[in-house]
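So this block is target32.cif, mmCIF, C-alpha atoms:
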```cif
data_input
loop_
_atom_site.label_atom_id
_atom_site.label_comp_id
_atom_site.auth_asym_id
_atom_site.auth_seq_id
_atom_site.Cartn_x
_atom_site.Cartn_y
_atom_site.Cartn_z
CA MET X 1 31.57 52.16 100.07
CA LYS X 2 34.54 49.98 99.19
CA PRO X 3 36.23 52.59 96.95
CA VAL X 4 36.01 55.16 99.77
CA ARG X 5 37.47 52.73 102.31
CA PHE X 6 40.22 51.82 99.82
CA PHE X 7 41.03 55.53 99.29
CA PHE X 8 41.35 56.16 103.05
CA THR X 9 43.50 53.06 103.51
CA VAL X 10 45.89 54.21 100.77
CA LEU X 11 45.90 57.75 102.21
CA ILE X 12 46.79 56.44 105.67
CA ILE X 13 49.59 54.29 104.23
CA VAL X 14 51.03 57.27 102.31
CA VAL X 15 50.86 59.57 105.35
CA CYS X 16 52.51 56.93 107.55
CA PHE X 17 55.24 56.35 104.98
CA PHE X 18 56.14 60.04 104.78
CA THR X 19 55.88 60.49 108.54
CA PHE X 20 58.08 57.54 109.46
CA THR X 21 60.66 58.05 106.71
CA GLY X 22 60.97 61.76 107.49
CA CYS X 23 60.04 62.73 103.95
CA SER X 24 58.07 65.90 103.53
CA GLY X 25 58.23 66.11 99.78
CA ASP X 26 60.85 68.86 99.96
CA LYS X 27 64.44 67.81 99.48
CA GLU X 28 66.39 68.82 102.56
CA PRO X 29 70.14 69.19 102.27
CA THR X 30 71.95 66.28 103.85
CA GLY X 31 75.49 67.56 103.61
CA PRO X 32 77.40 70.55 104.90
CA ALA X 33 77.12 74.08 103.47
CA GLU X 34 79.15 74.39 100.26
CA ASP X 35 80.13 77.15 97.85
CA GLY X 36 77.16 78.17 95.72
CA ASP X 37 74.57 77.22 98.37
CA THR X 38 72.24 79.93 99.64
CA VAL X 39 72.53 79.87 103.41
CA SER X 40 70.67 81.66 106.19
CA VAL X 41 72.45 82.35 109.45
CA HIS X 42 71.76 84.05 112.74
CA TYR X 43 74.76 85.75 114.27
CA ILE X 44 76.00 88.09 116.96
CA GLY X 45 79.12 90.12 116.18
CA THR X 46 81.28 91.49 118.99
CA LEU X 47 84.66 93.13 119.36
CA GLU X 48 87.43 91.74 121.57
CA ASN X 49 86.28 93.99 124.42
CA GLY X 50 82.81 92.37 124.29
CA GLU X 51 81.07 95.34 122.62
CA LYS X 52 78.32 94.11 120.28
CA PHE X 53 78.44 95.79 116.86
CA ASP X 54 75.77 93.80 115.02
CA SER X 55 73.21 91.02 115.46
CA SER X 56 70.70 89.36 113.16
CA TYR X 57 68.68 88.45 116.27
CA ASP X 58 68.14 92.17 116.95
CA ARG X 59 66.60 92.53 113.47
CA GLY X 60 64.43 89.44 114.01
CA GLU X 61 65.49 87.63 110.85
CA PRO X 62 68.50 85.63 109.71
CA LEU X 63 70.96 86.89 107.13
CA SER X 64 70.86 85.06 103.78
CA PHE X 65 73.72 85.00 101.28
CA THR X 66 75.33 82.79 98.65
CA LEU X 67 78.30 80.98 100.15
CA GLY X 68 81.59 81.60 98.37
CA SER X 69 80.26 84.45 96.22
CA GLY X 70 82.16 87.28 97.90
CA GLN X 71 79.04 88.80 99.46
CA MET X 72 80.49 88.41 102.96
CA ILE X 73 83.85 89.14 104.55
CA SER X 74 86.15 86.21 103.82
CA GLY X 75 86.50 85.05 107.44
CA PHE X 76 82.74 84.86 107.94
CA ASP X 77 82.25 83.02 104.67
CA ALA X 78 84.97 80.51 105.59
CA ALA X 79 83.42 79.96 109.02
CA VAL X 80 80.02 79.02 107.55
CA HIS X 81 81.56 76.73 104.92
CA GLY X 82 81.13 73.12 106.07
CA MET X 83 78.54 73.87 108.77
CA MET X 84 75.39 71.74 109.11
CA VAL X 85 71.87 73.14 109.69
CA GLY X 86 71.39 73.72 113.41
CA GLU X 87 75.12 73.86 114.09
CA LYS X 88 76.43 76.77 116.18
CA LYS X 89 79.99 78.00 116.46
CA THR X 90 82.01 80.95 117.67
CA VAL X 91 84.83 82.22 115.46
CA THR X 92 87.46 84.91 115.84
CA ILE X 93 88.24 86.73 112.60
CA PRO X 94 91.43 88.82 112.28
CA PRO X 95 91.28 92.18 110.45
CA GLU X 96 92.90 90.70 107.33
CA GLU X 97 89.90 88.37 106.90
CA ALA X 98 87.36 91.02 107.88
CA TYR X 99 87.49 94.70 106.92
CA GLY X 100 91.25 94.94 106.49
CA THR X 101 93.93 96.67 108.50
CA TYR X 102 93.52 100.32 109.39
CA ASN X 103 95.05 102.48 106.67
CA PRO X 104 96.17 105.94 107.87
CA ASN X 105 96.38 107.05 104.20
CA LEU X 106 92.58 106.90 104.12
CA VAL X 107 92.34 109.80 106.58
CA ILE X 108 91.82 112.74 104.27
CA THR X 109 92.14 116.42 105.15
CA PHE X 110 89.76 118.88 103.49
CA SER X 111 89.35 122.61 103.69
CA PRO X 112 86.09 123.71 105.34
CA ASP X 113 85.47 125.54 102.04
CA ASP X 114 85.24 122.13 100.28
CA PHE X 115 81.84 121.58 101.93
CA PRO X 116 78.67 123.21 100.59
CA GLU X 117 77.99 126.64 102.01
CA GLY X 118 75.53 126.49 104.86
CA MET X 119 76.09 122.77 105.46
CA GLU X 120 76.44 122.08 109.16
CA ILE X 121 79.25 119.57 109.62
CA THR X 122 79.82 117.71 112.88
CA VAL X 123 82.29 115.15 114.21
CA GLY X 124 80.90 111.66 113.57
CA MET X 125 78.91 112.76 110.52
CA GLN X 126 79.05 110.46 107.47
CA VAL X 127 79.93 112.26 104.23
CA PRO X 128 79.93 110.87 100.68
CA LEU X 129 83.28 110.62 98.92
CA GLN X 130 84.09 109.60 95.37
CA SER X 131 87.04 107.71 93.97
CA ALA X 132 87.37 106.08 90.56
CA GLY X 133 83.70 106.80 89.87
CA GLN X 134 82.47 105.01 93.01
CA THR X 135 80.78 106.64 95.96
CA PHE X 136 81.63 105.54 99.50
CA TYR X 137 81.31 107.18 102.90
CA GLY X 138 83.83 108.60 105.30
CA THR X 139 83.38 109.80 108.87
CA ILE X 140 84.32 113.31 109.99
CA THR X 141 86.77 112.85 112.86
CA GLU X 142 88.06 116.38 113.48
CA ILE X 143 87.00 119.93 112.64
CA THR X 144 89.07 123.09 113.04
CA ALA X 145 88.87 126.54 111.47
CA ASP X 146 91.55 125.43 108.98
CA TYR X 147 90.68 121.83 108.12
CA VAL X 148 88.21 118.95 108.35
CA LYS X 149 89.57 115.39 108.72
CA VAL X 150 87.54 112.57 107.19
CA ASP X 151 88.36 108.92 107.88
CA ALA X 152 87.46 106.74 104.88
CA ASN X 153 88.38 103.46 106.62
CA HIS X 154 85.52 101.09 107.40
CA LYS X 155 84.50 101.57 111.03
CA LEU X 156 85.62 97.97 111.75
CA ALA X 157 88.95 98.23 109.90
CA GLY X 158 91.86 97.04 112.01
CA LYS X 159 89.59 95.23 114.47
CA THR X 160 89.43 91.55 115.34
CA LEU X 161 85.80 90.40 115.13
CA ILE X 162 84.14 87.62 117.10
CA PHE X 163 81.00 86.02 115.66
CA GLU X 164 78.59 83.57 117.24
CA ILE X 165 77.03 81.90 114.17
CA GLU X 166 74.04 79.56 113.89
CA LEU X 167 73.30 77.98 110.50
CA VAL X 168 69.52 78.15 110.07
CA SER X 169 69.04 76.77 106.55
CA ILE X 170 70.78 75.68 103.37
CA THR X 171 69.30 75.86 99.89
CA PRO X 172 71.61 73.82 97.66
CA SER X 173 72.90 75.44 94.50
CA ALA X 174 71.15 74.44 91.29
CA GLY X 175 74.42 73.27 89.76
#
```

Target encoding structure tokens, full file:
Amino acid sequence: MKPVRFFFTVLIIVVCFFTFTGCSGDKEPTGPAEDGDTVSVHYIGTLENGEKFDSSYDRGEPLSFTLGSGQMISGFDAAVHGMMVGEKKTVTIPPEEAYGTYNPNLVITFSPDDFPEGMEITVGMQVPLQSAGQTFYGTITEITADYVKVDANHKLAGKTLIFEIELVSITPSAG
């Protein structure tokens, strides 16, 4: 009987210790988000006119990425740097720190004959393009009997972006 009572007494002490010290056994980050950390954020992205263009809330899960690795546009990455878990902020990101300025040289004119025979092309259609061995997509913006214009700029190029960001979690880098 005494060993059982001793076991339960020790168990209660251990549980109380972890409960009152806030320890769960997992090491929670105590500092702000830093380069190399894997972070998860919820966000809503809007344009200056208030039009929403993206939201992690709509997908039902936060976005995870490695801070400072170049996975995100530079303005978004910089906004998350230094945030604490649970912190929310709204940031305005100019085109130069987002998808770049709009480049009219990336509007390319093709002959309708450049498209596969029988392919139905429409304004707004995304078409694959290749440059330097890489494939990317452009959007058909105009079609005439003589030419087809394709805009290879990112759809958010030249736009100022506004993000509401909430830092959900930080997993510190191993290094």

With distances taken over all atoms listed in the file, which of X:Val85, X:Ile108, X:Met72, X:Val91 is nearest to X:Thr160?
->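 Looking only at the distances to X:Thr160, the closest residue turns out to be X:Val91.
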
So, counting all atoms listed in the file, which residue among X:Ala174, X:Leu67, X:Ala132, X:Leu47 is closest to X:Lys155?
->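 For X:Lys155, the nearest of the candidates is X:Leu47.
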
Check the smallest atom-to-atom distance from each of X:Ile73, X:Ile140, X:Met119, X:Val80 to X:Thr38 using all atoms listed in the file, then report the winner.
->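 When distances to X:Thr38 are compared using all atoms listed in the file, the smallest one comes from X:Val80.
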
Quick one: distance from atom CA of X:Asp114 to atom CA of X:Gly138 in Å, one decimal?
->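 Atom CA of X:Gly138 lies at a distance of 14.5 Å from atom CA of X:Asp114.
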
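Residues matched by the PyMOL selection byres ((chain X and resi 86) around 8) in this file are X:Met84, X:Val85, X:Glu87, X:Lys88, X:Glu166, X:Leu167, X:Val168, X:Ser169.
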
The PyMOL selection byres ((chain X and resi 34) around 9) on the file shown: which residues, as number ranges by chain?
-> X: 31-33, 35-38, 67-68, 80-83, 172-173

Distance in Å - atom CA of X:Ile121 versus atom CA of X:Phe53 =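 Taking atom CA of X:Ile121 and atom CA of X:Phe53, their separation equals 24.9 Å.
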
To verify the selection step, state as a PDB file with C-alpha atoms, keeping the file's coordinate frame which residues the PyMOL selection byres ((chain X and resi 104) around 12) yields on this input.
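result23.pdb written:
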```pdb
ATOM      1  CA  THR X 101      93.930  96.670 108.500  1.00  0.00           C
ATOM      2  CA  TYR X 102      93.520 100.320 109.390  1.00  0.00           C
ATOM      3  CA  ASN X 103      95.050 102.480 106.670  1.00  0.00           C
ATOM      4  CA  ASN X 105      96.380 107.050 104.200  1.00  0.00           C
ATOM      5  CA  LEU X 106      92.580 106.900 104.120  1.00  0.00           C
ATOM      6  CA  VAL X 107      92.340 109.800 106.580  1.00  0.00           C
ATOM      7  CA  ILE X 108      91.820 112.740 104.270  1.00  0.00           C
ATOM      8  CA  THR X 109      92.140 116.420 105.150  1.00  0.00           C
ATOM      9  CA  LYS X 149      89.570 115.390 108.720  1.00  0.00           C
ATOM     10  CA  VAL X 150      87.540 112.570 107.190  1.00  0.00           C
ATOM     11  CA  ASP X 151      88.360 108.920 107.880  1.00  0.00           C
ATOM     12  CA  ALA X 152      87.460 106.740 104.880  1.00  0.00           C
ATOM     13  CA  ASN X 153      88.380 103.460 106.620  1.00  0.00           C
ATOM     14  CA  HIS X 154      85.520 101.090 107.400  1.00  0.00           C
ATOM     15  CA  ALA X 157      88.950  98.230 109.900  1.00  0.00           C
ATOM     16  CA  GLY X 158      91.860  97.040 112.010  1.00  0.00           C
TER      17      GLY X 158
END
```

Work out how far apart atom CA of X:Arg59 and atom CA of X:Val39 are and give it in Å to one decimal.
->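 Those two atoms sit 17.2 Å apart.
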
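Residues lying within 10 Å of (78.7, 106.6, 103.6). Counted over all atoms listed in the file, they are X:Met125, X:Gln126, X:Val127, X:Pro128, X:Leu129, X:Thr135, X:Phe136, X:Tyr137, X:Gly138, X:Thr139, X:Ala152, X:His154.
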
Written file, previous selection with C-alpha atoms, as an mmCIF file, in the frame of the given file:
```
data_model
loop_
_atom_site.group_PDB
_atom_site.id
_atom_site.type_symbol
_atom_site.label_atom_id
_atom_site.label_comp_id
_atom_site.auth_asym_id
_atom_site.auth_seq_id
_atom_site.Cartn_x
_atom_site.Cartn_y
_atom_site.Cartn_z
ATOM 1 C CA MET X 125 78.910 112.760 110.520
ATOM 2 C CA GLN X 126 79.050 110.460 107.470
ATOM 3 C CA VAL X 127 79.930 112.260 104.230
ATOM 4 C CA PRO X 128 79.930 110.870 100.680
ATOM 5 C CA LEU X 129 83.280 110.620 98.920
ATOM 6 C CA THR X 135 80.780 106.640 95.960
ATOM 7 C CA PHE X 136 81.630 105.540 99.500
ATOM 8 C CA TYR X 137 81.310 107.180 102.900
ATOM 9 C CA GLY X 138 83.830 108.600 105.300
ATOM 10 C CA THR X 139 83.380 109.800 108.870
ATOM 11 C CA ALA X 152 87.460 106.740 104.880
ATOM 12 C CA HIS X 154 85.520 101.090 107.400
#
```

Where's the centre, and what are the edge lengths in Å to one decimal, of a box along x, y and z enclosing all listed atoms of stretch 119-133 of chain X padded 4 Å per side, as AutoDock Vina command-line options?
```
--center_x 81.7 --center_y 114.4 --center_z 102.0 --size_x 19.3 --size_y 24.7 --size_z 32.3
```

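Closest to X:Ser56 among X:Gln130, X:Phe115, X:Ile165, X:Thr171 is X:Ile165, based on all atoms listed in the file.
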
Point out the residue among X:Thr144, X:Asn49, X:Ser74, X:Thr90 with the least atom-to-atom distance to X:Pro112, counting all atoms listed in the file.
-> X:Thr144
